[in-house]
Every structure is written in C-alpha cells, then in structure tokens.
Amino acid sequence: NAKQMAPEDIGLELSLRSDKKAVIIKATRIDGIKSFEYELTYDAEVTEDGETVVVPRGAVGGLTIRGGVAQAEVDLGTCSANVCKYDKVVSNIKVVIKVNFENGEIGAVEDEIPLE
C-alpha cells in the first residue's frame, strides 16, 4: 500500500517547458529511492469533424535518475516519427508519482500544474 507523501519529500519540481508544449518533472531528494514512475493527466480540446470536444489525455513513464536528480520531459501531445501533434490543454495538469524505495516501500506523491 502506497504511503502518501508531500511533493517536498522528494524535492518535486514541476514546470512547463519554455514553449509550454511539455512538462518537466524533476525530483531532487532521491536518497534511498530506487525508481520513480509518473502518471500525468489533463484535459485537451480537440476539433474533430468541425466539432470541438474536450477529451482526457495522459502519459505514463519513468523518471531518469542521473547525477542525484530524477527527471523526465513529457510532451503534451502525441509524437510519432519525429512529428508531434500538440494538445490544447484546457485543465490543470495533474501529476501522480509512484516512489519505489530501495527498502521495498512504496510512496505516492500528487501535484499539479495550474492552467495558465
């Protein structure tokens, strides 16, 4: 069972990339932690057949640990063959991080980036 943790517990920093088309997830307090997994969710406005609808979007993955920092850059959209189709985000971006400790414990951290 995952124990709820505060973002400060892992030194979590969420930010939008300068072009606002990706989220940068960074954790700086990673002692005793084996790995991090993230789940990012938001609502996007898409136009299909001339109709505008709001659909849930999301991404999952892991943070790369390097030099005492765990980090991931998550595109807000879908990319294939170097072509990215970015979403028009219309909600806060919610991030849930699963923390896998070296001692086998599991933690969960929730945070979000407010819609600008």
# chains A, B, ... in the order shown; residues from 1 in each chain; ligands from 1

$ select_by_dssp --residues "chain A" --states "strand (DSSP E)" --output "MDAnalysis selection string"
chainID A and resid 3:5 12:16 22:27 33:48 51:62 64:66 69:75 77:80 83:86 88:89 93:101 106:113

$ residues_around --residues "Leu63 (chain A)" --least-positions-apart "4" --cutoff "7 Å" --atoms "only C-alpha atoms" --output "list in words"
Phe36, Glu37, Ala70, Gln71 and Ala72 of chain A

$ write_last_selection --atoms "C-alpha atoms" --output "PDB file, in the first residue's frame"
ATOM      1  CA  PHE A  36      10.104   6.782  -9.880  1.00  0.00           C
ATOM      2  CA  GLU A  37       7.097   6.248 -12.122  1.00  0.00           C
ATOM      3  CA  ALA A  70      15.435  12.219 -11.259  1.00  0.00           C
ATOM      4  CA  GLN A  71      13.870  13.854 -14.284  1.00  0.00           C
ATOM      5  CA  ALA A  72      11.555  13.408 -17.231  1.00  0.00           C
TER       6      ALA A  72
END

$ residues_around --residues "Ser91 (chain A)" --least-positions-apart "6" --cutoff "6 Å" --atoms "only C-alpha atoms" --output "list in words"
Tyr42, Asp43 and Leu115 of chain A

$ closest_residue --among "A:Val54, A:Ala27, A:Val99, A:Ala2" --to "Asp87 (chain A)" --atoms "only C-alpha atoms"
A:Val54

$ atom_distance --atom1 "CA of Leu16 (chain A)" --atom2 "CA of Leu40 (chain A)"
12.8 Å

$ atom_distance --atom1 "CA of Val83 (chain A)" --atom2 "CA of Pro56 (chain A)"
21.1 Å

$ select_by_dssp --residues "region 1-46 of chain A" --states "helix (DSSP H, G or I)" --output "compact mmCIF listing (two decimals) with N, CA and C atoms, in the first residue's frame"
# COMPACT_ATOMS: atom_id res chain seq x y z
N PRO A 7 4.97 16.66 -1.94
CA PRO A 7 5.94 16.93 -3.02
C PRO A 7 7.33 17.30 -2.47
N GLU A 8 7.36 17.99 -1.32
CA GLU A 8 8.64 18.40 -0.74
C GLU A 8 9.48 17.19 -0.33
N ASP A 9 8.81 16.08 0.00
CA ASP A 9 9.53 14.89 0.46
C ASP A 9 10.51 14.37 -0.59
N ILE A 10 10.20 14.58 -1.86
CA ILE A 10 11.12 14.13 -2.91
C ILE A 10 11.72 15.32 -3.67

$ residues_around --residues "Ile113 (chain A)" --least-positions-apart "5" --cutoff "12 Å" --atoms "only C-alpha atoms" --output "count of residues only"
22
